[in-house]
Amino acid sequence: MANIGVVTTATNNQVILRNYVSGFPKESDLYIATTTVDLRVPPGSMAVLVKNLYLSCDPFSRIRMEKPDPSSPASVALAYSIGKPISGYGVAKAIDSGHPNYKNGDLLWGRVGWEEYSVITPTPSSHFKIHHTDVPLSFYTGLLGIPGLTAYVGFYEICSPKKGETVFVSAASGAVGQLVGQFAKMAGCYVVGSASSNEKVDLLKTKFGYDDAFNYKEERDLSAALKRCFPEGIDIYFENVGGKMLDAVLENMRTHGRIAACGMISQYNLKEPEAVHNLATIVYKRIRVQGFAAVEFFDKYSKFLDFVLPYVREGKITYVEDIAQGLENGPSALIGLFHGKNVGKQLVEVARE
């Protein structure tokens, strides 16, 4: 006999891609749709039904909104599908699990859909069980998630900082940049950041410990601004922007400088990428430039947590979040990234744990 009164389905609001995007994305390129989800995974399945708590707003989502290039398997694999929920990284709670490594009630972070409930098949490279709950769960979208690992790997593993070196960080108040600046100070470096508003510049200097900072929108000559901040040149550049900023940085790098490139947000919405004119400097000054993605360094994640969690618990690392409330506000929060509206790590709170 059926169990009378047992709820087996639930409504599931989702953020759907309406159109492929060219140029700057608009809120109207996304919409909210409502469907239903089965609250039980099939018997014998390795799947896990999760309730999404927080969703991470990441600039990389813009690339996935573009129409896939059929000649590029990577482009086809990464692209969102029109009429389907977009996806990304989030924090979630297991509601029903057929997976041996996850039980009902477990907390995890990793790849989920932009929706209230997702059905996932966890893998070691896409989902991580949350063992440390004495810190805010939202931190696993940022400080203790992909942005934190990005900052750690890019600065320590790729740039190999030495005490007394000079460090420049673009988009310095964002999810990654605010951490790089603090890591640089821990390493005994002199660090300067750029940001898109005076409010963010003030945040860099008063909250994140940057030695100096400037609003790039108020600088007529970016190279001159960097020369002002780094009269002896830049040893390490943590690249988040690309374009004109990268060109100006190359003019101001020191011999044997290092550049860790994890993003180029200024280029994502352009139909034609900007040219970089000072590339010969890489040869003349023997500069090492390395692009990287945090997903290739998940083997470092435990080491990263061991390093960063004591600082977090002792209040020695500051992390600013910009939290949009409710899935219905997800599209505006995500699109706002590309207009510099966020202050700190942008995320969406879908539900309370």
# chains A, B, ... in the order shown; residues from 1 in each chain; ligands from 1

$ select_by_dssp --residues "region 182-323 of chain A" --states "helix (DSSP H, G or I)" --output "number ranges by chain"
A: 182-186, 198-206, 216-218, 222-229, 243-252, 265-267, 280-284, 294-313

$ atom_distance --atom1 "CA of Val191 (chain A)" --atom2 "CA of Val169 (chain A)"
7.6 Å

$ atom_distance --atom1 "CA of Ala10 (chain A)" --atom2 "CA of Asp38 (chain A)"
6.7 Å

$ select_by_dssp --residues "region 89-313 of chain A" --states "strand (DSSP E or B)" --output "ChimeraX atom specification"
/A:89-97,107-113,115,117-120,127-129,166-169,190-195,212-215,234-239,253-261,288-291

$ closest_residue --among "A:Pro68, A:Gly110, A:Gly242, A:Gly174" --to "Tyr80 (chain A)" --atoms "only C-alpha atoms"
A:Pro68

$ residues_around --residues "Pro147 (chain A)" --least-positions-apart "2" --cutoff "9 Å" --atoms "only C-alpha atoms" --output "number ranges by chain"
A: 141-145, 149-152, 175-177, 179, 294, 345

$ closest_residue --among "A:Ala293, A:Ala224, A:Leu49, A:Leu279" --to "Leu250 (chain A)" --atoms "only C-alpha atoms"
A:Leu279

$ atom_distance --atom1 "CA of Tyr216 (chain A)" --atom2 "CA of Phe139 (chain A)"
28.1 Å

$ residues_around --residues "region 99-108 of chain A" --least-positions-apart "6" --cutoff "7 Å" --atoms "only C-alpha atoms" --output "list in words"
Met46, Ala47, Val48, Val91, Ala92, Lys93, His127, Phe128, Lys129 and Ile130 of chain A

$ closest_residue --among "A:Leu309, A:Thr35, A:Asp211, A:Glu328" --to "Gly148 (chain A)" --atoms "only C-alpha atoms"
A:Leu309

$ residues_around --residues "Arg64 (chain A)" --least-positions-apart "4" --cutoff "10 Å" --atoms "only C-alpha atoms" --output "NGL selection string"
:A and (20-21 or 59-60 or 68 or 75-81 or 86-87)

$ closest_residue --among "A:Glu251, A:Asp212, A:Glu218, A:Glu27" --to "Tyr284 (chain A)" --atoms "only C-alpha atoms"
A:Glu251

$ closest_residue --among "A:Leu39, A:Val50, A:Leu203, A:Val167" --to "Gly188 (chain A)" --atoms "only C-alpha atoms"
A:Val167

$ residues_around --residues "Phe292 (chain A)" --least-positions-apart "6" --cutoff "10 Å" --atoms "only C-alpha atoms" --output "ChimeraX atom specification"
/A:150,153-154,158,260-263

$ residues_around --residues "Arg258 (chain A)" --least-positions-apart "3" --cutoff "7 Å" --atoms "only C-alpha atoms" --output "list in words"
Cys159, Asp235, Ile236, Tyr237, Ile287, Arg288 and Val289 of chain A

$ write_last_selection --atoms "N, CA and C atoms" --output "PDB file, in the first residue's frame"
ATOM      1  N   CYS A 159      53.796  31.600  -8.899  1.00  0.00           N
ATOM      2  CA  CYS A 159      54.614  32.817  -8.811  1.00  0.00           C
ATOM      3  C   CYS A 159      55.811  32.677  -7.860  1.00  0.00           C
ATOM      4  N   ASP A 235      57.556  42.581  -9.763  1.00  0.00           N
ATOM      5  CA  ASP A 235      58.105  41.227  -9.789  1.00  0.00           C
ATOM      6  C   ASP A 235      57.024  40.192 -10.140  1.00  0.00           C
ATOM      7  N   ILE A 236      55.833  40.365  -9.578  1.00  0.00           N
ATOM      8  CA  ILE A 236      54.748  39.394  -9.746  1.00  0.00           C
ATOM      9  C   ILE A 236      53.470  40.122 -10.142  1.00  0.00           C
ATOM     10  N   TYR A 237      52.836  39.637 -11.184  1.00  0.00           N
ATOM     11  CA  TYR A 237      51.526  40.167 -11.578  1.00  0.00           C
ATOM     12  C   TYR A 237      50.514  39.037 -11.546  1.00  0.00           C
ATOM     13  N   ILE A 287      60.465  37.181 -18.837  1.00  0.00           N
ATOM     14  CA  ILE A 287      59.284  37.073 -17.969  1.00  0.00           C
ATOM     15  C   ILE A 287      58.607  35.717 -18.190  1.00  0.00           C
ATOM     16  N   ARG A 288      58.211  35.085 -17.115  1.00  0.00           N
ATOM     17  CA  ARG A 288      57.472  33.828 -17.233  1.00  0.00           C
ATOM     18  C   ARG A 288      55.979  34.098 -17.077  1.00  0.00           C
ATOM     19  N   VAL A 289      55.196  33.730 -18.080  1.00  0.00           N
ATOM     20  CA  VAL A 289      53.748  33.909 -18.074  1.00  0.00           C
ATOM     21  C   VAL A 289      53.103  32.530 -18.097  1.00  0.00           C
TER      22      VAL A 289
END

$ closest_residue --among "A:Ser97, A:Glu199, A:Val320, A:Ile120" --to "Gly44 (chain A)" --atoms "only C-alpha atoms"
A:Ser97
